[in-house]
$ cat work.txt   # compact mmCIF, C-alpha atoms
# COMPACT_ATOMS: atom_id res chain seq x y z
CA MET A 1 9.77 3.18 1.07
CA LEU A 2 6.04 3.00 1.72
CA GLU A 3 3.87 3.55 -1.33
CA SER A 4 0.65 5.31 -0.33
CA SER A 5 0.16 8.54 1.58
CA GLY A 6 -2.27 6.76 3.92
CA ALA A 7 0.29 4.09 4.76
CA LEU A 8 2.91 6.79 5.35
CA VAL A 9 0.61 8.67 7.73
CA ASP A 10 -0.27 5.48 9.61
CA HIS A 11 3.42 4.59 9.91
CA ALA A 12 4.24 8.10 11.13
CA ILE A 13 1.49 7.90 13.78
CA THR A 14 2.85 4.55 14.98
CA LEU A 15 6.40 5.88 15.17
CA ASP A 16 5.28 9.01 16.99
CA ALA A 17 3.40 6.91 19.55
CA GLU A 18 6.52 4.80 20.01
CA ARG A 19 8.63 7.94 20.41
CA ARG A 20 6.31 9.33 23.06
CA ALA A 21 6.29 6.02 24.94
CA ILE A 22 10.09 5.92 24.96
CA ILE A 23 10.31 9.48 26.24
CA GLN A 24 7.82 8.71 29.02
CA ARG A 25 9.73 5.54 29.98
CA VAL A 26 13.02 7.46 30.06
CA GLU A 27 11.52 10.07 32.36
CA GLU A 28 10.17 7.37 34.67
CA ILE A 29 13.57 5.64 34.88
CA LYS A 30 15.35 8.94 35.45
CA ALA A 31 12.99 9.68 38.33
CA ARG A 32 13.72 6.25 39.83
CA ARG A 33 17.46 6.76 39.34
CA ASN A 34 17.30 10.12 41.15
CA THR A 35 15.52 8.46 44.05
CA VAL A 36 18.14 5.68 44.14
CA THR A 37 20.98 8.22 44.01
CA GLN A 38 19.53 10.15 46.95
CA THR A 39 18.99 6.96 48.95
CA VAL A 40 22.57 5.82 48.28
CA ALA A 41 23.87 9.15 49.58
CA GLN A 42 21.71 8.88 52.71
CA ARG A 43 22.89 5.32 53.43
CA LYS A 44 26.53 6.21 52.94
CA ARG A 45 26.20 9.15 55.31
CA ALA A 46 24.63 6.78 57.84
CA GLY A 47 27.38 4.19 57.29
CA GLU A 48 24.93 1.67 55.87
CA ASP A 49 25.44 -0.75 52.98
CA ALA A 50 24.30 0.66 49.63
CA GLU A 51 25.85 -1.74 47.11
CA SER A 52 22.54 -3.15 45.90
CA LEU A 53 21.25 0.34 45.21
CA VAL A 54 24.49 1.32 43.49
CA ALA A 55 24.11 -1.71 41.22
CA GLU A 56 20.50 -0.75 40.54
CA GLY A 57 21.60 2.78 39.65
CA ARG A 58 24.12 1.43 37.14
CA ALA A 59 21.46 -0.83 35.61
CA LEU A 60 19.05 2.08 35.34
CA GLY A 61 21.74 4.18 33.62
CA ASP A 62 22.40 1.38 31.13
CA GLU A 63 18.67 1.12 30.45
CA ILE A 64 18.45 4.88 29.86
CA ASP A 65 21.37 4.73 27.43
CA ALA A 66 19.68 1.90 25.49
CA LEU A 67 16.37 3.75 25.39
CA GLN A 68 18.09 6.94 24.22
CA MET A 69 19.64 5.02 21.32
CA HIS A 70 16.22 3.56 20.50
CA LEU A 71 14.70 7.04 20.72
CA SER A 72 17.31 8.47 18.36
CA SER A 73 16.72 5.78 15.72
CA THR A 74 12.93 6.14 16.08
CA GLU A 75 13.08 9.91 15.64
CA GLU A 76 15.36 9.52 12.63
CA GLU A 77 12.96 7.07 11.02
CA LEU A 78 9.98 9.31 11.87
CA SER A 79 11.67 12.32 10.25
CA ALA A 80 12.39 10.30 7.11
CA VAL A 81 8.78 9.12 6.89
CA VAL A 82 7.32 12.60 7.49
CA LEU A 83 9.42 14.00 4.63
CA GLN A 84 7.68 11.56 2.28
CA ILE A 85 4.13 12.69 3.18
CA PRO A 86 2.67 15.12 0.59
CA ASN A 87 0.75 18.29 1.32
CA VAL A 88 -3.02 18.17 1.78
CA PRO A 89 -5.08 19.67 -1.11
CA LEU A 90 -7.32 22.61 -0.30
CA ALA A 91 -11.07 22.10 -0.20
CA ASP A 92 -11.75 23.61 -3.65
CA VAL A 93 -9.24 21.39 -5.45
CA PRO A 94 -11.10 18.84 -7.62
CA ALA A 95 -10.70 15.17 -6.77
CA GLY A 96 -9.23 12.74 -9.29
CA GLY A 97 -6.39 12.83 -11.78
CA GLU A 98 -5.41 14.85 -14.85
CA GLU A 99 -8.74 14.15 -16.54
CA ASN A 100 -10.46 16.19 -13.80
CA ASN A 101 -8.40 19.36 -14.30
CA VAL A 102 -10.66 22.38 -14.79
CA VAL A 103 -10.17 25.24 -17.27
CA VAL A 104 -11.06 28.28 -15.15
CA ARG A 105 -10.45 30.97 -17.81
CA THR A 106 -8.91 31.64 -21.21
CA TRP A 107 -7.35 34.71 -22.82
CA GLY A 108 -6.89 35.49 -26.50
CA THR A 109 -7.75 33.53 -29.61
CA PRO A 110 -5.44 30.67 -30.64
CA ARG A 111 -4.20 30.86 -34.20
CA ALA A 112 -5.34 28.20 -36.67
CA VAL A 113 -2.81 25.41 -36.98
CA ASP A 114 -2.96 25.13 -40.79
CA GLY A 115 0.29 26.20 -42.46
CA VAL A 116 2.12 27.05 -39.23
CA VAL A 117 5.72 25.80 -39.21
CA PRO A 118 6.90 24.07 -35.99
CA HIS A 119 9.27 26.18 -33.92
CA TRP A 120 12.24 23.85 -34.44
CA ASP A 121 12.05 24.34 -38.21
CA ILE A 122 11.59 28.10 -38.21
CA GLY A 123 14.15 28.47 -35.41
CA ALA A 124 16.73 26.54 -37.41
CA LYS A 125 15.92 28.53 -40.58
CA LEU A 126 16.39 31.83 -38.72
CA GLY A 127 19.51 30.57 -36.94
CA LEU A 128 18.07 31.16 -33.47
CA PHE A 129 19.31 28.01 -31.79
CA ASP A 130 21.66 25.14 -32.44
CA LEU A 131 20.33 21.86 -31.02
CA GLU A 132 22.96 19.69 -32.70
CA ARG A 133 25.94 21.51 -31.23
CA GLY A 134 24.20 21.79 -27.88
CA ALA A 135 23.96 17.99 -27.88
CA LYS A 136 27.59 17.70 -28.98
CA ILE A 137 29.02 19.80 -26.15
CA SER A 138 26.65 18.74 -23.36
CA GLY A 139 24.25 16.00 -24.46
CA SER A 140 20.66 15.80 -25.62
CA GLY A 141 18.31 18.26 -23.95
CA PHE A 142 20.78 21.16 -23.90
CA ILE A 143 20.40 24.21 -26.16
CA VAL A 144 22.78 26.72 -27.69
CA TYR A 145 21.02 29.98 -28.57
CA ARG A 146 22.83 31.98 -31.23
CA GLY A 147 22.69 35.50 -32.62
CA VAL A 148 19.19 36.94 -32.46
CA GLY A 149 18.12 33.80 -30.58
CA ALA A 150 20.45 34.72 -27.71
CA ARG A 151 19.20 38.30 -27.92
CA LEU A 152 15.61 37.03 -27.68
CA VAL A 153 16.46 35.17 -24.46
CA ARG A 154 18.02 38.30 -22.96
CA ALA A 155 15.05 40.43 -24.06
CA LEU A 156 12.57 38.05 -22.42
CA MET A 157 14.54 38.08 -19.17
CA ASN A 158 14.58 41.87 -19.02
CA LEU A 159 10.91 42.24 -19.93
CA MET A 160 9.86 39.77 -17.23
CA LEU A 161 12.10 41.18 -14.50
CA ASP A 162 11.14 44.78 -15.26
CA THR A 163 7.43 43.93 -15.25
CA HIS A 164 7.57 42.02 -11.98
CA THR A 165 9.68 44.62 -10.18
CA ARG A 166 8.16 47.81 -11.56
CA GLU A 167 4.50 46.81 -11.96
CA HIS A 168 4.11 44.04 -9.38
CA GLY A 169 6.50 45.16 -6.62
CA TYR A 170 8.78 42.12 -6.35
CA GLN A 171 12.34 42.52 -5.08
CA GLU A 172 14.80 41.51 -7.78
CA THR A 173 17.24 38.89 -6.53
CA TRP A 174 20.23 37.18 -8.12
CA VAL A 175 20.66 33.77 -6.53
CA PRO A 176 23.23 30.95 -6.61
CA ALA A 177 22.70 28.18 -9.13
CA VAL A 178 23.77 25.57 -6.56
CA VAL A 179 22.22 24.88 -3.16
CA ASN A 180 22.83 22.52 -0.25
CA ARG A 181 20.77 19.52 0.83
CA ALA A 182 18.91 21.47 3.53
CA SER A 183 17.62 23.89 0.89
CA MET A 184 16.37 21.04 -1.31
CA ILE A 185 14.61 19.47 1.68
CA GLY A 186 13.07 22.82 2.63
CA THR A 187 11.22 23.16 -0.67
CA ALA A 188 10.45 19.40 -0.89
CA GLN A 189 12.66 18.52 -3.85
CA PHE A 190 14.26 16.03 -1.45
CA PRO A 191 13.85 13.22 -0.68
CA LYS A 192 11.06 12.44 -3.17
CA PHE A 193 12.68 13.93 -6.29
CA GLU A 194 16.37 13.48 -5.46
CA ASP A 195 16.95 11.12 -8.40
CA GLU A 196 15.73 13.83 -10.78
CA GLN A 197 18.32 16.43 -9.70
CA TYR A 198 21.87 17.11 -10.80
CA GLY A 199 24.43 16.95 -7.98
CA LEU A 200 28.08 18.00 -7.84
CA ARG A 201 30.38 15.01 -7.50
CA ASP A 202 31.97 14.62 -4.05
CA GLU A 203 30.03 17.61 -2.67
CA GLU A 204 26.64 17.96 -1.01
CA LEU A 205 25.64 20.66 -3.49
CA PHE A 206 22.99 20.46 -6.19
CA LEU A 207 22.13 22.43 -9.33
CA ILE A 208 18.82 24.20 -8.80
CA PRO A 209 15.73 22.88 -10.63
CA THR A 210 14.17 26.33 -10.17
CA ALA A 211 14.98 29.62 -8.43
CA GLU A 212 12.12 28.77 -6.07
CA VAL A 213 14.64 26.73 -4.05
CA PRO A 214 17.12 29.49 -3.13
CA LEU A 215 14.41 32.17 -2.91
CA THR A 216 12.25 30.17 -0.50
CA ASN A 217 15.28 29.25 1.61
CA LEU A 218 16.50 32.82 2.00
CA TYR A 219 14.94 32.96 5.48
CA ARG A 220 15.23 29.30 6.46
CA ASP A 221 15.40 28.89 10.25
CA GLU A 222 14.50 32.56 10.77
CA ILE A 223 11.63 34.48 12.34
CA ILE A 224 10.47 37.64 10.56
CA PRO A 225 8.09 40.35 11.82
CA GLU A 226 4.46 40.06 10.79
CA SER A 227 4.67 43.65 9.53
CA ASP A 228 7.14 42.48 6.87
CA LEU A 229 4.55 40.22 5.22
CA PRO A 230 4.13 39.71 2.39
CA ARG A 231 7.74 39.44 1.27
CA THR A 232 8.06 39.03 -2.47
CA PHE A 233 11.03 38.01 -4.59
CA THR A 234 11.74 37.52 -8.28
CA ALA A 235 14.84 36.06 -9.85
CA TYR A 236 16.15 34.91 -13.19
CA SER A 237 18.10 31.65 -13.15
CA PRO A 238 19.12 28.72 -15.26
CA CYS A 239 17.27 25.58 -14.16
CA PHE A 240 18.48 21.98 -14.34
CA ARG A 241 16.33 18.82 -14.35
CA ARG A 242 17.28 15.24 -15.15
CA GLU A 243 13.73 14.09 -15.90
CA ALA A 244 13.42 16.17 -19.08
CA GLY A 245 12.56 14.05 -22.09
CA ALA A 246 11.59 11.06 -19.98
CA HIS A 247 9.87 8.22 -21.84
CA GLY A 248 10.45 9.96 -25.18
CA LYS A 249 7.76 12.59 -24.54
CA ASP A 250 8.03 15.97 -26.30
CA THR A 251 11.75 15.56 -26.91
CA ARG A 252 11.90 17.51 -30.18
CA GLY A 253 12.79 21.19 -30.27
CA LEU A 254 12.46 23.29 -27.11
CA LEU A 255 9.55 21.54 -25.43
CA ARG A 256 11.45 19.36 -22.98
CA VAL A 257 15.06 20.09 -22.07
CA HIS A 258 17.54 19.43 -19.25
CA GLN A 259 18.61 23.07 -18.83
CA PHE A 260 16.35 26.05 -19.35
CA ASP A 261 16.00 29.68 -18.33
CA LYS A 262 13.20 30.99 -16.14
CA VAL A 263 12.10 34.00 -14.15
CA GLU A 264 10.58 32.89 -10.86
CA LEU A 265 8.16 34.56 -8.43
CA VAL A 266 8.06 33.69 -4.71
CA ARG A 267 5.87 35.17 -1.99
CA TYR A 268 6.00 34.78 1.81
CA ALA A 269 2.39 35.28 2.90
CA HIS A 270 0.38 35.57 6.09
CA PRO A 271 -1.72 32.39 6.49
CA ASP A 272 -4.93 34.44 6.52
CA ARG A 273 -4.11 35.98 3.13
CA SER A 274 -2.44 33.23 1.13
CA LEU A 275 -5.58 32.32 -0.84
CA ASP A 276 -5.87 35.88 -2.17
CA GLU A 277 -2.14 36.06 -2.78
CA HIS A 278 -2.35 32.89 -4.85
CA GLU A 279 -4.79 34.61 -7.21
CA MET A 280 -2.49 37.62 -7.29
CA ILE A 281 0.72 35.74 -8.13
CA THR A 282 -1.15 33.83 -10.84
CA ALA A 283 -2.33 37.11 -12.36
CA HIS A 284 1.27 38.39 -12.32
CA ALA A 285 2.39 35.40 -14.39
CA GLU A 286 -0.58 35.88 -16.73
CA ARG A 287 0.44 39.48 -17.30
CA ILE A 288 3.61 38.36 -19.09
CA LEU A 289 1.61 36.14 -21.44
CA GLN A 290 -0.66 39.08 -22.21
CA LEU A 291 2.31 41.35 -22.92
CA LEU A 292 3.69 38.69 -25.27
CA GLU A 293 0.26 38.47 -26.97
CA LEU A 294 0.10 34.72 -26.50
CA PRO A 295 -3.34 33.07 -26.15
CA TYR A 296 -3.43 31.00 -22.99
CA ARG A 297 -5.66 29.13 -20.59
CA VAL A 298 -5.55 28.70 -16.82
CA LEU A 299 -6.13 25.20 -15.42
CA LEU A 300 -6.98 24.35 -11.82
CA LEU A 301 -5.26 21.02 -11.27
CA ALA A 302 -7.09 18.12 -9.70
CA ALA A 303 -5.65 16.59 -6.53
CA GLY A 304 -4.05 13.66 -8.33
CA ASP A 305 -2.25 16.00 -10.75
CA THR A 306 -1.13 18.50 -8.09
CA GLY A 307 2.52 18.49 -7.10
CA PHE A 308 3.84 16.80 -3.96
CA ALA A 309 4.31 20.01 -1.94
CA SER A 310 1.38 22.04 -3.27
CA ALA A 311 -2.04 22.48 -1.69
CA LYS A 312 -3.45 24.11 -4.83
CA THR A 313 -1.95 24.68 -8.28
CA TYR A 314 -2.91 26.59 -11.40
CA ASP A 315 -1.12 25.71 -14.65
CA LEU A 316 -0.83 28.38 -17.33
CA GLU A 317 -0.73 26.92 -20.83
CA ALA A 318 0.11 28.89 -23.99
CA PHE A 319 -1.11 27.60 -27.34
CA ALA A 320 1.55 26.63 -29.89
CA PRO A 321 -0.16 26.18 -33.29
CA GLY A 322 2.92 24.69 -34.97
CA VAL A 323 2.77 21.61 -32.76
CA GLY A 324 -0.98 21.95 -32.18
CA LYS A 325 -0.64 21.80 -28.39
CA TRP A 326 -1.23 23.73 -25.22
CA LEU A 327 2.18 24.09 -23.57
CA GLU A 328 2.61 24.52 -19.82
CA VAL A 329 4.64 27.71 -19.37
CA SER A 330 3.94 28.41 -15.70
CA SER A 331 2.84 26.56 -12.61
CA SER A 332 1.44 28.72 -9.81
CA SER A 333 1.17 27.03 -6.42
CA ASN A 334 0.05 27.75 -2.87
CA PHE A 335 2.05 25.52 -0.53
CA THR A 336 0.23 26.77 2.61
CA ASP A 337 2.62 26.11 5.55
CA PHE A 338 4.15 22.95 4.02
CA GLN A 339 7.44 24.54 2.98
CA GLY A 340 7.37 26.92 5.94
CA ARG A 341 7.44 23.95 8.32
CA ARG A 342 10.13 22.06 6.41
CA ALA A 343 12.34 25.15 6.14
CA ASN A 344 11.32 26.44 9.59
CA ILE A 345 10.35 29.93 8.39
CA ARG A 346 8.10 31.72 10.86
CA PHE A 347 6.72 35.17 11.57
CA ARG A 348 6.19 36.86 14.92
CA PRO A 349 2.61 38.16 15.32
CA THR A 350 2.43 41.89 16.00
CA ALA A 351 -0.21 41.27 18.68
CA GLY A 352 2.07 38.86 20.50
CA GLY A 353 1.95 35.14 20.98
CA LYS A 354 4.01 32.30 19.59
CA PRO A 355 5.65 32.61 16.15
CA ARG A 356 3.64 31.03 13.34
CA PHE A 357 4.74 29.35 10.14
CA ILE A 358 4.46 31.45 6.99
CA HIS A 359 2.65 30.34 3.86
CA THR A 360 4.75 30.22 0.70
CA LEU A 361 3.66 30.64 -2.90
CA ASN A 362 5.52 30.51 -6.17
CA ALA A 363 4.87 30.84 -9.89
CA SER A 364 6.99 30.72 -12.99
CA GLY A 365 6.94 34.15 -14.46
CA LEU A 366 7.78 32.61 -17.01
CA ALA A 367 9.82 29.64 -18.29
CA PHE A 368 11.61 30.57 -21.55
CA PRO A 369 11.84 27.56 -23.94
CA ARG A 370 8.13 26.95 -24.42
CA ILE A 371 7.47 30.70 -24.47
CA ILE A 372 9.98 31.00 -27.31
CA ALA A 373 8.30 28.06 -29.09
CA ALA A 374 4.89 29.72 -28.71
CA ILE A 375 6.19 33.09 -29.96
CA LEU A 376 7.81 31.52 -33.03
CA GLU A 377 4.62 29.65 -33.89
CA GLN A 378 1.91 32.13 -32.87
CA HIS A 379 3.57 35.21 -34.39
CA GLN A 380 5.26 33.79 -37.49
CA ASN A 381 4.64 35.47 -40.83
CA ALA A 382 4.06 33.90 -44.23
CA ASP A 383 7.53 35.00 -45.42
CA GLY A 384 9.26 32.96 -42.68
CA THR A 385 9.89 35.90 -40.34
CA VAL A 386 8.39 36.28 -36.87
CA ARG A 387 6.63 39.36 -35.50
CA VAL A 388 7.99 40.62 -32.19
CA PRO A 389 5.22 41.52 -29.68
CA SER A 390 5.12 45.27 -29.16
CA ALA A 391 5.95 45.07 -25.44
CA LEU A 392 9.09 43.08 -26.29
CA GLU A 393 10.30 45.39 -29.08
CA PRO A 394 12.19 47.87 -26.83
CA TYR A 395 14.11 44.99 -25.27
CA PHE A 396 14.75 43.07 -28.49
CA GLY A 397 15.57 46.12 -30.58
CA ALA A 398 13.50 45.20 -33.62
CA SER A 399 9.90 44.53 -34.62
CA VAL A 400 10.65 41.39 -36.64
CA ILE A 401 12.86 38.33 -36.11
CA LYS A 402 14.56 37.56 -39.41
$ encode --input "work.txt" --output "structure tokens"
Amino acid sequence: MLESSGALVDHAITLDAERRAIIQRVEEIKARRNTVTQTVAQRKRAGEDAESLVAEGRALGDEIDALQMHLSSTEEELSAVVLQIPNVPLADVPAGGEENNVVVRTWGTPRAVDGVVPHWDIGAKLGLFDLERGAKISGSGFIVYRGVGARLVRALMNLMLDTHTREHGYQETWVPAVVNRASMIGTAQFPKFEDEQYGLRDEELFLIPTAEVPLTNLYRDEIIPESDLPRTFTAYSPCFRREAGAHGKDTRGLLRVHQFDKVELVRYAHPDRSLDEHEMITAHAERILQLLELPYRVLLLAAGDTGFASAKTYDLEAFAPGVGKWLEVSSSSNFTDFQGRRANIRFRPTAGGKPRFIHTLNASGLAFPRIIAAILEQHQNADGTVRVPSALEPYFGASVIK
């Protein structure tokens, strides 16, 4: 596999030129073969010898067959190379790596870290989750929520889904937790991140890393009317990722796990409006943090820290005073037409003309484990209980976790 994006693009250009040259050569030979075929017929009707032309026709056919095989292998290699080329950052995305990320706004006042108990300690004391037995039955990075901990997960799911459907107008969707290879390619999990996914043995099916995959692929290989844009979807799902806990980073508690719960937001947008819709979907994710009364900041990621498929990404980070860190709880991305092209999702312009590729956007709205960690640390009381944010109370059924 080639290493740099520039080398990949150069290789793709070379392969495409080779493909075009083969196609042109095939057309030239086919034209010559047609001429030979017509001449052979004329000679036979006239009773003349045509063996040399018949032999030439066979040779031309063999050459066409060889070129077609070469064309097929070239196109296969070209497709593989193109799938490795990342999206192009938008003009307002800062250059550089993580150190060039920009804080564009903040909300709320982070609590002082002094005296705040880390979420894994207070969670264990309150009996909210059982990390040891989760590891016993599944392995490290898997969580068992128990009692009021399980109720907290269910309350968060209902609050998020109700907010996104009732306030923000998303269509609630319940999606499969497994998808096929074409779906993973469509959202760019494959081929680049294939090693990080869980697959089902002996089947070409994969556990979803996010509901973005099935939601974005709902209309793969379809053309929708322009009047239907934007189309917006939200879904709760479990999410599965092998890379959790890599290199020993943030492996304690709920910060980095192999399976987690998340409510996802996906929008199909008109290309002319995707920039505005990116701000909108980001605000929708922020709304949940505000309802949960969690101080947060919004980062515009620099190009080197932006994901493979994204043209522009905002990260939402909630502050967790018990661990003294800003925790990423949502990533909001505008993919422009990158996923639309890979999944072949187009819209038909109302004014006529050729179908165009849609722009896709997604945001976590939100991911549960780090949200739970932030709630347990930001809202904990001196007596070891945790205050439930007022917006969550009707779903949780109590004002205090104890």
$ residues_around --input "work.txt" --residues "Val144 of chain A" --least-positions-apart "5" --cutoff "9 Å" --atoms "all atoms listed in the file" --output "list in words"
Leu128, Phe129, Asp130, Leu131, Glu132, Arg133, Gly134, Ala135, Gly149 and Ala150 of chain A
$ atom_distance --input "work.txt" --atom1 "atom CA of Phe206 of chain A" --atom2 "atom CA of Lys192 of chain A"
14.7 Å
$ residues_near_point --input "work.txt" --point "(-1.5, 35.1, -33.0)" --cutoff "8 Å" --atoms "all atoms listed in the file" --output "number ranges by chain"
A: 109-111, 293-295, 378-379
$ residues_around --input "work.txt" --residues "Gly253 of chain A" --least-positions-apart "5" --cutoff "12 Å" --atoms "all atoms listed in the file" --output "PDB file with C-alpha atoms, in the frame of the given file"
ATOM      1  CA  PRO A 118       6.900  24.070 -35.990  1.00  0.00           C
ATOM      2  CA  HIS A 119       9.270  26.180 -33.920  1.00  0.00           C
ATOM      3  CA  TRP A 120      12.240  23.850 -34.440  1.00  0.00           C
ATOM      4  CA  ASP A 121      12.050  24.340 -38.210  1.00  0.00           C
ATOM      5  CA  ILE A 122      11.590  28.100 -38.210  1.00  0.00           C
ATOM      6  CA  GLY A 123      14.150  28.470 -35.410  1.00  0.00           C
ATOM      7  CA  ALA A 124      16.730  26.540 -37.410  1.00  0.00           C
ATOM      8  CA  LEU A 128      18.070  31.160 -33.470  1.00  0.00           C
ATOM      9  CA  PHE A 129      19.310  28.010 -31.790  1.00  0.00           C
ATOM     10  CA  ASP A 130      21.660  25.140 -32.440  1.00  0.00           C
ATOM     11  CA  LEU A 131      20.330  21.860 -31.020  1.00  0.00           C
ATOM     12  CA  GLU A 132      22.960  19.690 -32.700  1.00  0.00           C
ATOM     13  CA  GLY A 134      24.200  21.790 -27.880  1.00  0.00           C
ATOM     14  CA  ALA A 135      23.960  17.990 -27.880  1.00  0.00           C
ATOM     15  CA  SER A 140      20.660  15.800 -25.620  1.00  0.00           C
ATOM     16  CA  GLY A 141      18.310  18.260 -23.950  1.00  0.00           C
ATOM     17  CA  PHE A 142      20.780  21.160 -23.900  1.00  0.00           C
ATOM     18  CA  ILE A 143      20.400  24.210 -26.160  1.00  0.00           C
ATOM     19  CA  VAL A 144      22.780  26.720 -27.690  1.00  0.00           C
ATOM     20  CA  GLY A 245      12.560  14.050 -22.090  1.00  0.00           C
ATOM     21  CA  GLY A 322       2.920  24.690 -34.970  1.00  0.00           C
ATOM     22  CA  VAL A 323       2.770  21.610 -32.760  1.00  0.00           C
ATOM     23  CA  PRO A 369      11.840  27.560 -23.940  1.00  0.00           C
ATOM     24  CA  ARG A 370       8.130  26.950 -24.420  1.00  0.00           C
ATOM     25  CA  ILE A 372       9.980  31.000 -27.310  1.00  0.00           C
ATOM     26  CA  ALA A 373       8.300  28.060 -29.090  1.00  0.00           C
ATOM     27  CA  ALA A 374       4.890  29.720 -28.710  1.00  0.00           C
ATOM     28  CA  LEU A 376       7.810  31.520 -33.030  1.00  0.00           C
TER      29      LEU A 376
END
$ atom_distance --input "work.txt" --atom1 "atom CA of Phe308 of chain A" --atom2 "atom CA of Phe335 of chain A"
9.5 Å
$ atom_distance --input "work.txt" --atom1 "atom CA of Ser227 of chain A" --atom2 "atom CA of Ala285 of chain A"
25.4 Å
$ residues_around --input "work.txt" --residues "Arg341 of chain A" --least-positions-apart "4" --cutoff "8 Å" --atoms "all atoms listed in the file" --output "PyMOL selection string"
chain A and resi 337+345+357
$ closest_residue --input "work.txt" --among "A:Arg25, A:Ile288, A:Cys239, A:Val263" --to "Thr173 of chain A" --atoms "all atoms listed in the file"
A:Val263
$ closest_residue --input "work.txt" --among "A:Arg256, A:Leu200, A:Arg220, A:Leu361" --to "His270 of chain A" --atoms "only C-alpha atoms"
A:Leu361
$ closest_residue --input "work.txt" --among "A:Val153, A:Leu327, A:Val298, A:Ile13" --to "Trp107 of chain A" --atoms "all atoms listed in the file"
A:Val298
$ residues_around --input "work.txt" --residues "Ala283 of chain A" --least-positions-apart "4" --cutoff "10 Å" --atoms "only C-alpha atoms" --output "PyMOL selection string"
chain A and resi 168+277-279+287-289+332+363+365
